[in-house]
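**Student:** So here's target.cif, just mmCIF, C-alpha atoms:
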```cif
data_query
loop_
_atom_site.label_atom_id
_atom_site.label_comp_id
_atom_site.auth_asym_id
_atom_site.auth_seq_id
_atom_site.Cartn_x
_atom_site.Cartn_y
_atom_site.Cartn_z
CA MET D 1 -10.44 -3.80 0.77
CA ALA D 2 -8.72 -0.59 -0.27
CA PHE D 3 -9.57 2.69 1.40
CA THR D 4 -11.84 5.01 -0.55
CA ALA D 5 -11.19 8.74 -0.69
CA LYS D 6 -14.38 9.25 1.34
CA ASP D 7 -13.16 6.81 4.01
CA LEU D 8 -9.89 8.67 4.36
CA ALA D 9 -11.28 12.20 4.23
CA SER D 10 -13.75 11.41 7.02
CA SER D 11 -11.27 9.56 9.27
CA ASP D 12 -10.39 11.10 12.62
CA HIS D 13 -6.83 9.88 12.04
CA PHE D 14 -6.33 11.39 8.60
CA LEU D 15 -5.00 14.76 9.76
CA ALA D 16 -2.11 12.98 11.47
CA ALA D 17 -1.55 11.00 8.25
CA ILE D 18 -1.51 14.19 6.17
CA LEU D 19 0.97 15.87 8.50
CA ARG D 20 3.22 12.82 8.55
CA CYS D 21 3.14 12.65 4.75
CA ALA D 22 3.96 16.35 4.41
CA ASN D 23 6.92 16.01 6.76
CA GLU D 24 8.18 12.86 5.01
CA LEU D 25 8.02 14.54 1.60
CA ILE D 26 9.92 17.53 2.97
CA ALA D 27 12.58 15.17 4.38
CA ILE D 28 12.89 13.47 0.98
CA TYR D 29 13.29 16.87 -0.64
CA HIS D 30 16.06 17.88 1.77
CA GLN D 31 18.01 14.70 1.07
CA SER D 32 17.85 14.98 -2.73
CA PRO D 33 16.64 18.46 -3.77
CA ARG D 34 17.34 18.10 -7.47
CA ILE D 35 15.37 14.92 -8.08
CA ALA D 36 12.77 15.74 -5.43
CA SER D 37 12.04 19.01 -7.23
CA ILE D 38 10.55 16.90 -10.03
CA PHE D 39 7.83 15.81 -7.59
CA ALA D 40 7.40 19.33 -6.19
CA ALA D 41 5.36 20.59 -9.15
CA GLN D 42 2.27 18.91 -10.57
CA GLN D 43 3.21 18.98 -14.24
CA ARG D 44 6.67 17.50 -13.67
CA TRP D 45 5.25 14.94 -11.22
CA LEU D 46 2.77 13.76 -13.85
CA MET D 47 5.47 13.61 -16.53
CA ALA D 48 7.71 11.56 -14.23
CA HIS D 49 4.90 9.08 -13.68
CA ALA D 50 4.24 8.97 -17.42
CA GLY D 51 7.86 8.11 -18.16
CA PHE D 52 8.04 5.39 -15.52
CA ALA D 53 4.69 3.96 -16.63
CA LEU D 54 5.83 3.63 -20.23
CA TYR D 55 9.03 1.93 -19.11
CA HIS D 56 7.02 -0.49 -16.96
CA GLY D 57 4.49 -1.19 -19.72
CA TYR D 58 1.72 1.38 -19.49
CA PRO D 59 -1.67 -0.36 -19.05
CA ASP D 60 -3.63 -0.78 -22.28
CA GLU D 61 -0.62 0.18 -24.39
CA PRO D 62 1.18 -2.42 -26.52
CA GLY D 63 4.68 -3.34 -25.44
CA SER D 64 6.94 -2.08 -22.69
CA ALA D 65 9.18 0.72 -23.88
CA LEU D 66 10.09 4.31 -23.10
CA TYR D 67 11.35 6.52 -25.89
CA ALA D 68 10.97 10.21 -26.61
CA ALA D 69 8.24 10.06 -29.26
CA ARG D 70 6.10 7.70 -27.23
CA PHE D 71 6.56 9.81 -24.10
CA VAL D 72 5.54 12.99 -25.91
CA SER D 73 2.50 11.22 -27.35
CA LEU D 74 1.35 10.08 -23.90
CA VAL D 75 1.93 13.51 -22.34
CA LEU D 76 -0.16 15.13 -25.06
CA LYS D 77 -2.86 12.45 -24.88
CA GLN D 78 -3.23 12.95 -21.13
CA ARG D 79 -3.15 16.76 -21.45
CA ILE D 80 -0.19 17.06 -19.11
CA ALA D 81 2.04 19.46 -21.05
CA SER D 82 2.88 20.83 -24.49
CA ARG D 83 5.09 19.00 -26.95
CA ASN D 84 8.00 21.39 -26.32
CA THR D 85 7.71 20.99 -22.54
CA ALA D 86 7.65 17.19 -22.84
CA VAL D 87 10.72 17.17 -25.08
CA ALA D 88 12.56 19.53 -22.73
CA PHE D 89 11.69 17.30 -19.77
CA ILE D 90 13.23 14.24 -21.43
CA GLN D 91 16.37 16.21 -22.26
CA GLU D 92 16.60 17.50 -18.68
CA MET D 93 16.23 13.99 -17.22
CA LEU D 94 19.02 12.74 -19.49
CA ALA D 95 21.26 15.68 -18.57
CA TYR D 96 20.73 15.08 -14.84
CA ARG D 97 21.25 11.33 -15.34
CA PHE D 98 17.84 10.35 -14.12
CA LEU D 99 17.33 8.71 -17.52
CA ARG D 100 19.83 6.91 -19.74
CA PRO D 101 19.80 5.28 -23.17
CA MET D 102 19.58 1.51 -23.52
CA PRO D 103 22.12 1.02 -26.34
CA GLU D 104 21.59 -2.71 -26.64
CA PHE D 105 17.92 -2.11 -27.52
CA SER D 106 18.27 1.04 -29.62
CA ASP D 107 18.75 1.63 -33.30
CA ARG D 108 19.23 4.72 -35.44
CA ARG D 109 15.51 5.44 -35.53
CA THR D 110 14.47 4.81 -31.91
CA ARG D 111 16.55 5.35 -28.78
CA LEU D 112 15.04 3.38 -25.91
CA LEU D 113 15.46 4.91 -22.47
CA GLU D 114 15.41 3.60 -18.90
CA PRO D 115 15.29 5.27 -15.47
CA THR D 116 18.58 5.23 -13.58
CA GLU D 117 18.95 3.69 -10.15
CA THR D 118 18.77 7.17 -8.58
CA ALA D 119 15.39 7.89 -10.15
CA THR D 120 14.01 4.46 -9.34
CA GLU D 121 15.14 4.62 -5.71
CA HIS D 122 13.52 8.05 -5.30
CA LEU D 123 10.19 6.92 -6.71
CA ALA D 124 10.30 3.74 -4.61
CA ARG D 125 10.80 5.85 -1.50
CA TRP D 126 7.86 8.09 -2.51
CA ILE D 127 5.61 5.05 -2.94
CA ASN D 128 6.81 3.37 0.25
CA THR D 129 6.21 6.56 2.23
CA HIS D 130 2.56 6.43 1.24
CA LEU D 131 2.28 2.69 1.84
CA PHE D 132 3.81 3.10 5.30
CA ILE D 133 1.20 5.70 6.20
CA LEU D 134 -1.59 3.47 4.88
CA ASP D 135 -0.20 0.61 6.98
CA HIS D 136 -0.24 2.89 10.00
CA LEU D 137 -3.90 3.72 9.39
CA ASP D 138 -5.15 0.14 9.26
CA GLY D 139 -2.35 -2.01 10.67
CA GLY D 140 -1.59 -3.46 7.24
CA ASP D 141 1.67 -4.87 5.88
CA ARG D 142 1.89 -3.30 2.44
CA VAL D 143 5.50 -2.15 2.85
CA ALA D 144 6.68 -5.60 3.87
CA ARG D 145 4.81 -7.26 1.02
CA MET D 146 6.27 -4.79 -1.49
CA ALA D 147 9.76 -5.55 -0.22
CA ALA D 148 9.14 -9.28 -0.61
CA ASP D 149 7.89 -9.08 -4.21
CA ALA D 150 10.40 -7.77 -6.74
CA SER D 151 7.77 -7.58 -9.49
CA ALA D 152 5.33 -5.44 -7.48
CA PHE D 153 7.05 -2.08 -8.03
CA ALA D 154 6.46 -1.98 -11.79
CA VAL D 155 2.82 -2.97 -11.36
CA ILE D 156 1.98 -0.50 -8.58
CA GLN D 157 3.70 2.40 -10.34
CA SER D 158 1.93 1.87 -13.66
CA GLU D 159 -1.40 1.43 -11.84
CA ILE D 160 -0.84 4.66 -9.91
CA ALA D 161 -0.05 6.49 -13.15
CA LYS D 162 -3.12 5.16 -14.94
CA ARG D 163 -5.37 6.20 -12.08
CA ILE D 164 -3.94 9.67 -11.46
CA PHE D 165 -4.14 10.51 -15.16
CA HIS D 166 -7.91 10.04 -14.95
CA SER D 167 -8.52 11.51 -11.50
CA GLU D 168 -9.96 15.01 -11.49
CA ALA D 169 -9.63 15.07 -7.68
CA VAL D 170 -5.85 14.59 -7.96
CA ARG D 171 -5.20 16.67 -11.06
CA ASN D 172 -7.50 19.58 -10.21
CA PRO D 173 -8.12 19.75 -6.44
CA GLY D 174 -8.85 23.46 -6.32
CA VAL D 175 -7.64 26.89 -7.34
CA THR D 176 -5.21 27.52 -4.46
CA PHE D 177 -3.76 24.01 -4.52
CA ASN D 178 -3.23 24.38 -8.26
CA LEU D 179 -1.55 27.75 -7.81
CA PHE D 180 1.11 26.21 -5.59
CA ASN D 181 1.42 22.82 -7.20
CA TRP D 182 1.91 24.00 -10.77
CA ALA D 183 4.78 26.29 -9.76
CA ASN D 184 8.36 25.06 -9.53
CA SER D 185 8.99 24.13 -5.87
CA GLY D 186 5.45 25.29 -5.09
CA GLY D 187 4.32 21.83 -4.07
CA VAL D 188 6.94 21.43 -1.37
CA VAL D 189 6.28 24.98 -0.10
CA MET D 190 2.63 23.99 0.24
CA ASP D 191 3.63 20.79 2.07
CA TYR D 192 5.69 22.94 4.44
CA LEU D 193 2.80 25.29 5.20
CA ILE D 194 0.46 22.36 5.84
CA SER D 195 3.07 20.65 8.02
CA ARG D 196 2.92 23.63 10.39
CA ILE D 197 -0.70 22.89 11.32
CA GLU D 198 -1.07 21.73 14.92
CA HIS D 199 -4.86 21.69 15.22
CA PHE D 200 -7.57 21.88 12.58
CA ASP D 201 -11.07 23.00 13.46
CA PRO D 202 -13.30 22.37 10.42
CA GLU D 203 -15.72 25.00 11.72
CA SER D 204 -13.10 27.76 11.76
CA GLU D 205 -12.54 29.87 8.66
CA ARG D 206 -8.78 30.11 9.30
CA VAL D 207 -6.03 27.90 10.70
CA VAL D 208 -3.24 29.90 12.32
CA ILE D 209 0.13 28.14 11.88
CA GLY D 210 2.32 30.64 13.70
CA PRO D 211 5.16 32.81 12.35
CA ILE D 212 6.91 31.74 9.15
CA SER D 213 10.27 32.88 7.80
CA LEU D 214 10.33 33.63 4.09
CA LYS D 215 14.13 33.52 4.20
CA SER D 216 14.05 30.02 5.69
CA ILE D 217 11.54 28.84 3.09
CA ARG D 218 13.67 30.25 0.26
CA GLU D 219 16.81 28.60 1.57
CA GLN D 220 15.18 25.23 2.30
CA PHE D 221 13.36 24.83 -0.99
CA LEU D 222 15.58 26.71 -3.44
CA ILE D 223 12.88 29.15 -4.46
CA SER D 224 13.59 32.76 -5.36
CA ASN D 225 12.32 35.65 -3.27
CA THR D 226 10.34 36.99 -6.22
CA HIS D 227 8.76 33.62 -6.94
CA LEU D 228 7.83 32.95 -3.31
CA LYS D 229 6.35 36.40 -2.75
CA ARG D 230 4.32 36.09 -5.95
CA LEU D 231 2.87 32.75 -4.81
CA LEU D 232 1.89 34.11 -1.41
CA ARG D 233 0.55 37.33 -2.90
CA GLU D 234 -1.66 35.49 -5.39
CA ALA D 235 -2.83 33.06 -2.72
CA GLY D 236 -3.60 36.07 -0.53
CA VAL D 237 -5.74 37.63 -3.26
CA LEU D 238 -7.72 34.38 -3.32
CA GLY D 239 -8.27 34.72 0.44
CA SER D 240 -6.35 31.51 1.06
CA VAL D 241 -3.36 32.68 3.12
CA GLY D 242 -2.26 35.74 5.04
CA TRP D 243 -0.80 37.24 8.19
CA THR D 244 -2.88 38.00 11.26
CA GLY D 245 -1.21 41.40 11.56
CA VAL D 246 1.84 43.04 10.02
CA PRO D 247 2.98 40.94 7.02
CA GLY D 248 6.16 39.05 7.80
CA LYS D 249 6.05 39.95 11.50
CA SER D 250 2.90 38.24 12.75
CA PRO D 251 1.47 34.69 12.72
CA PHE D 252 0.51 33.23 9.35
CA TRP D 253 -2.85 31.63 8.57
CA LEU D 254 -4.29 29.26 5.99
CA SER D 255 -7.94 29.33 4.99
CA ARG D 256 -10.24 26.42 5.71
CA ALA D 257 -10.94 26.15 1.98
CA PHE D 258 -7.22 25.83 1.17
CA VAL D 259 -6.68 23.17 3.84
CA SER D 260 -9.76 21.32 2.56
CA GLU D 261 -8.36 21.30 -0.97
CA TYR D 262 -5.13 19.77 0.30
CA TRP D 263 -7.04 17.34 2.55
CA ASN D 264 -9.27 16.09 -0.28
CA TYR D 265 -6.33 15.82 -2.69
CA GLN D 266 -4.42 13.68 -0.22
CA ALA D 267 -7.47 11.48 0.38
CA ALA D 268 -7.87 10.91 -3.38
CA LYS D 269 -4.14 10.25 -3.86
CA PHE D 270 -3.87 7.81 -0.95
CA ALA D 271 -6.98 5.97 -2.16
CA ILE D 272 -5.42 5.61 -5.61
CA ILE D 273 -2.15 4.31 -4.16
CA ASP D 274 -4.03 1.86 -1.93
CA ALA D 275 -6.11 0.57 -4.85
CA ALA D 276 -2.92 0.21 -6.93
CA SER D 277 -1.28 -1.69 -4.08
CA GLU D 278 -4.15 -4.18 -4.09
CA VAL D 279 -3.59 -4.80 -7.80
CA ALA D 280 0.18 -5.13 -7.35
CA LEU D 281 0.15 -7.21 -4.19
CA GLY D 282 -3.12 -9.06 -4.50
CA ALA D 283 -6.11 -8.18 -2.33
CA GLY D 284 -6.26 -10.16 0.86
CA GLN D 285 -2.85 -11.85 0.41
#
```
Here is a file; write its structure as structure tokens.

**Tutor:**
Amino acid sequence: MAFTAKDLASSDHFLAAILRCANELIAIYHQSPRIASIFAAQQRWLMAHAGFALYHGYPDEPGSALYAARFVSLVLKQRIASRNTAVAFIQEMLAYRFLRPMPEFSDRRTRLLEPTETATEHLARWINTHLFILDHLDGGDRVARMAADASAFAVIQSEIAKRIFHSEAVRNPGVTFNLFNWANSGGVVMDYLISRIEHFDPESERVVIGPISLKSIREQFLISNTHLKRLLREAGVLGSVGWTGVPGKSPFWLSRAFVSEYWNYQAAKFAIIDAASEVALGAGQ
């Protein structure tokens, strides 16, 4: 039986899972910053899943095809982004060669598109990272079963997309999480801050993560000084982050509420991925 979000959020082992996930996502970002940046902001992450889901045959939609008009329609239907943003995203993915036309299936009216090997390999690694952590939590063999079933990837991805589109816990975890995750590179900056946690006391109002270097964060995650300072300033106004003393020269802290938003988001996301894996791999097989 798949984990529920409640199961995960209440597990004594889930903090270690969260920290491992944050570090793995940071490692993925370092290896391929351009494509990983797509998953480092909520809106772009959702659009990427929408595109893959259409290509794989989005559940409850007729046919299996990805083309610009259908992508824009799904993005608007799921309230992910505006029409102009959706169109620009498709153009960007073509320019970066994460998408390509399928000439043998296109005509003058409709240009069918497919993800390139680079895009597919990145998403597969993202999914397998989560499956590996789920396996570690319960001793399962999801990763091995995925590797043994060539058809499972399309099923699990489209199931994940369907479920995240309709999950308020994933799409709107809280005001501070949203602040970071809707900004370009904000998601991976948030992962980095969370990854610095060594101990979490749910009774304490703040979690001190030690000194942080804004220069290092900027250089690692290709975020401008202005953009990073704005994120931290706005999060500070919310009472979610701050320095224990002189800004920039003392240990940094995260609020319990901010960590809880991240914690609950991860629990909801992992539960969705686990449920999708049961559909793709077959429960109990």

**Student:** Quick one: contact table of region 196-252 of chain D to region 29-38 of chain D, 10 Å max, nearest atom pair and distance in Å to one decimal per residue, counting all atoms listed in the file, chain and number order, as CSV?

**Tutor:**
```
residue,atom,partner,partner_atom,distance
D:Gln220,CA,D:His30,CA,7.4
D:Phe221,CA,D:Pro33,CA,7.7
D:Leu222,CA,D:Pro33,CA,8.3
```

**Student:** When the PyMOL selection byres ((chain D and resi 200) around 12) is applied to the structure above, which residues does it catch, written out as a VMD selection string?

**Tutor:** chain D and resid 12 14 to 16 18 to 19 194 to 199 201 to 209 253 to 257 259 to 260 263

**Student:** Got time to write the residues from that selection, C-alpha atoms, as a tab-separated table (two decimals), in the frame of the given file?

**Tutor:**
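This went into part20.tsv:
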```tsv
chain	number	residue	atom	x	y	z
D	12	ASP	CA	-10.39	11.10	12.62
D	14	PHE	CA	-6.33	11.39	8.60
D	15	LEU	CA	-5.00	14.76	9.76
D	16	ALA	CA	-2.11	12.98	11.47
D	18	ILE	CA	-1.51	14.19	6.17
D	19	LEU	CA	0.97	15.87	8.50
D	194	ILE	CA	0.46	22.36	5.84
D	195	SER	CA	3.07	20.65	8.02
D	196	ARG	CA	2.92	23.63	10.39
D	197	ILE	CA	-0.70	22.89	11.32
D	198	GLU	CA	-1.07	21.73	14.92
D	199	HIS	CA	-4.86	21.69	15.22
D	201	ASP	CA	-11.07	23.00	13.46
D	202	PRO	CA	-13.30	22.37	10.42
D	203	GLU	CA	-15.72	25.00	11.72
D	204	SER	CA	-13.10	27.76	11.76
D	205	GLU	CA	-12.54	29.87	8.66
D	206	ARG	CA	-8.78	30.11	9.30
D	207	VAL	CA	-6.03	27.90	10.70
D	208	VAL	CA	-3.24	29.90	12.32
D	209	ILE	CA	0.13	28.14	11.88
D	253	TRP	CA	-2.85	31.63	8.57
D	254	LEU	CA	-4.29	29.26	5.99
D	255	SER	CA	-7.94	29.33	4.99
D	256	ARG	CA	-10.24	26.42	5.71
D	257	ALA	CA	-10.94	26.15	1.98
D	259	VAL	CA	-6.68	23.17	3.84
D	260	SER	CA	-9.76	21.32	2.56
D	263	TRP	CA	-7.04	17.34	2.55
```

**Student:** Under the PyMOL selection byres ((chain D and resi 171) around 12), which residues of this model are included? Write them out as a VMD selection string.

**Tutor:** chain D and resid 41 to 43 45 to 46 78 to 80 161 163 to 170 172 to 175 177 to 178 181 to 182 261 to 262 264 to 266 268 to 269

**Student:** Would you put the residues from that selection into a file with C-alpha atoms, as a short mmCIF file (atom, residue, chain, number, x, y, z; two decimals), in the coordinates of the input?

**Tutor:**
```cif
data_model
loop_
_atom_site.label_atom_id
_atom_site.label_comp_id
_atom_site.auth_asym_id
_atom_site.auth_seq_id
_atom_site.Cartn_x
_atom_site.Cartn_y
_atom_site.Cartn_z
CA ALA D 41 5.36 20.59 -9.15
CA GLN D 42 2.27 18.91 -10.57
CA GLN D 43 3.21 18.98 -14.24
CA TRP D 45 5.25 14.94 -11.22
CA LEU D 46 2.77 13.76 -13.85
CA GLN D 78 -3.23 12.95 -21.13
CA ARG D 79 -3.15 16.76 -21.45
CA ILE D 80 -0.19 17.06 -19.11
CA ALA D 161 -0.05 6.49 -13.15
CA ARG D 163 -5.37 6.20 -12.08
CA ILE D 164 -3.94 9.67 -11.46
CA PHE D 165 -4.14 10.51 -15.16
CA HIS D 166 -7.91 10.04 -14.95
CA SER D 167 -8.52 11.51 -11.50
CA GLU D 168 -9.96 15.01 -11.49
CA ALA D 169 -9.63 15.07 -7.68
CA VAL D 170 -5.85 14.59 -7.96
CA ASN D 172 -7.50 19.58 -10.21
CA PRO D 173 -8.12 19.75 -6.44
CA GLY D 174 -8.85 23.46 -6.32
CA VAL D 175 -7.64 26.89 -7.34
CA PHE D 177 -3.76 24.01 -4.52
CA ASN D 178 -3.23 24.38 -8.26
CA ASN D 181 1.42 22.82 -7.20
CA TRP D 182 1.91 24.00 -10.77
CA GLU D 261 -8.36 21.30 -0.97
CA TYR D 262 -5.13 19.77 0.30
CA ASN D 264 -9.27 16.09 -0.28
CA TYR D 265 -6.33 15.82 -2.69
CA GLN D 266 -4.42 13.68 -0.22
CA ALA D 268 -7.87 10.91 -3.38
CA LYS D 269 -4.14 10.25 -3.86
#
```

**Student:** Please determine, counting only C-alpha atoms, which residue among D:Leu281, D:Ala275, D:Leu193, D:Leu8 has the shortest atom-to-atom distance to Phe180 (chain D).

**Tutor:** D:Leu193

**Student:** Could you tell me how far CA of Arg142 (chain D) lies from CA of Ala280 (chain D), in Å and to one decimal?

**Tutor:**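 Between these atoms lies a distance of 10.1 Å.
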
**Student:** Given all atoms listed in the file, how would the per-residue table for region 137-234 of chain D near region 109-131 of chain D read, listing every residue at most 12 Å away with its closest atom pair and distance in Å to one decimal, sorted by chain and number, as a tab-separated table?

**Tutor:**
```
residue	atom	partner	partner_atom	distance
D:Leu137	CA	D:Leu131	CA	9.8
D:Asp138	CA	D:Leu131	CA	10.8
D:Gly139	CA	D:Leu131	CA	11.0
D:Gly140	CA	D:Leu131	CA	9.1
D:Asp141	CA	D:Leu131	CA	8.6
D:Arg142	CA	D:Leu131	CA	6.0
D:Val143	CA	D:Leu131	CA	5.9
D:Ala144	CA	D:Leu131	CA	9.6
D:Arg145	CA	D:Leu131	CA	10.3
D:Met146	CA	D:Asn128	CA	8.4
D:Ala147	CA	D:Asn128	CA	9.4
D:Ala150	CA	D:Ala124	CA	11.7
D:Ala152	CA	D:Ala124	CA	10.8
D:Phe153	CA	D:Ala124	CA	7.5
D:Ala154	CA	D:Ala124	CA	10.0
D:Val155	CA	D:Ile127	CA	12.0
D:Ile156	CA	D:Ile127	CA	8.7
D:Gln157	CA	D:Ile127	CA	8.1
D:Ser158	CA	D:Ile127	CA	11.8
D:Glu159	CA	D:Ile127	CA	11.9
D:Ile160	CA	D:Ile127	CA	9.5
D:Ala161	CA	D:Ile127	CA	11.8
```

**Student:** So which residues are close to (-15.2, -3.1, -4.6), meaning at most 12 Å away in the file's coordinates with only C-alpha atoms counted, and can you show them as a PyMOL selection string?

**Tutor:** chain D and resi 1-4+275+278+283

**Student:** Using only C-alpha atoms, please write the residues we just selected to a file, as a PDB file, in the frame of the given file.

**Tutor:**
```pdb
ATOM      1  CA  MET D   1     -10.440  -3.800   0.770  1.00  0.00           C
ATOM      2  CA  ALA D   2      -8.720  -0.590  -0.270  1.00  0.00           C
ATOM      3  CA  PHE D   3      -9.570   2.690   1.400  1.00  0.00           C
ATOM      4  CA  THR D   4     -11.840   5.010  -0.550  1.00  0.00           C
ATOM      5  CA  ALA D 275      -6.110   0.570  -4.850  1.00  0.00           C
ATOM      6  CA  GLU D 278      -4.150  -4.180  -4.090  1.00  0.00           C
ATOM      7  CA  ALA D 283      -6.110  -8.180  -2.330  1.00  0.00           C
TER       8      ALA D 283
END
```

**Student:** Any chance you could resolve the PyMOL selection byres ((chain D and resi 185) around 7) against this file and give the residues as a tab-separated table (two decimals) with C-alpha atoms, keeping the file's coordinate frame?

**Tutor:**
```tsv
chain	number	residue	atom	x	y	z
D	37	SER	CA	12.04	19.01	-7.23
D	40	ALA	CA	7.40	19.33	-6.19
D	41	ALA	CA	5.36	20.59	-9.15
D	183	ALA	CA	4.78	26.29	-9.76
D	184	ASN	CA	8.36	25.06	-9.53
D	186	GLY	CA	5.45	25.29	-5.09
D	187	GLY	CA	4.32	21.83	-4.07
D	188	VAL	CA	6.94	21.43	-1.37
D	189	VAL	CA	6.28	24.98	-0.10
D	221	PHE	CA	13.36	24.83	-0.99
D	223	ILE	CA	12.88	29.15	-4.46
```

**Student:** From the set D:Arg44, D:His136, D:Arg218, D:Lys249, which residue has the shortest atom-to-atom contact distance to Val75 (chain D), counting all atoms listed in the file?

**Tutor:**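 Nearest candidate to Val75 (chain D) out of D:Arg44, D:His136, D:Arg218, D:Lys249: D:Arg44.
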
**Student:** Write out as number ranges by chain each polymer residue whose atoms come within 6 Å of Ala86 (chain D), counting all atoms listed in the file; drop sequence neighbours fewer than 3 positions from it.

**Tutor:** D: 72, 83, 89

**Student:** Could you take the residues named above and write them with C-alpha atoms, as a short mmCIF file (atom, residue, chain, number, x, y, z; two decimals), in the coordinates of the input?

**Tutor:**
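Everything below was put into part08.cif:
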```
data_model
loop_
_atom_site.label_atom_id
_atom_site.label_comp_id
_atom_site.auth_asym_id
_atom_site.auth_seq_id
_atom_site.Cartn_x
_atom_site.Cartn_y
_atom_site.Cartn_z
CA VAL D 72 5.54 12.99 -25.91
CA ARG D 83 5.09 19.00 -26.95
CA PHE D 89 11.69 17.30 -19.77
#
```

**Student:** Could you state the separation of CA of Ile217 (chain D) and CA of His13 (chain D) in Å, given to one decimal place?

**Tutor:**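 Pair CA of Ile217 (chain D) / CA of His13 (chain D) returns 27.9 Å.
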
**Student:** Which of these residues is nearest to Ala22 (chain D), using all atoms listed in the file: D:Met190, D:Gly239, D:Phe132, D:Ser250?

**Tutor:**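 Checking each candidate against Ala22 (chain D), we get D:Met190 as the closest.
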
**Student:** Please identify all polymer residues within 8 Å of Asp191 (chain D), counting all atoms listed in the file, omitting same-chain residues fewer than 5 positions from it, and present them as a list in words.

**Tutor:**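 Those residues are Ala22, Asn23, Leu25 and Ile26 of chain D.
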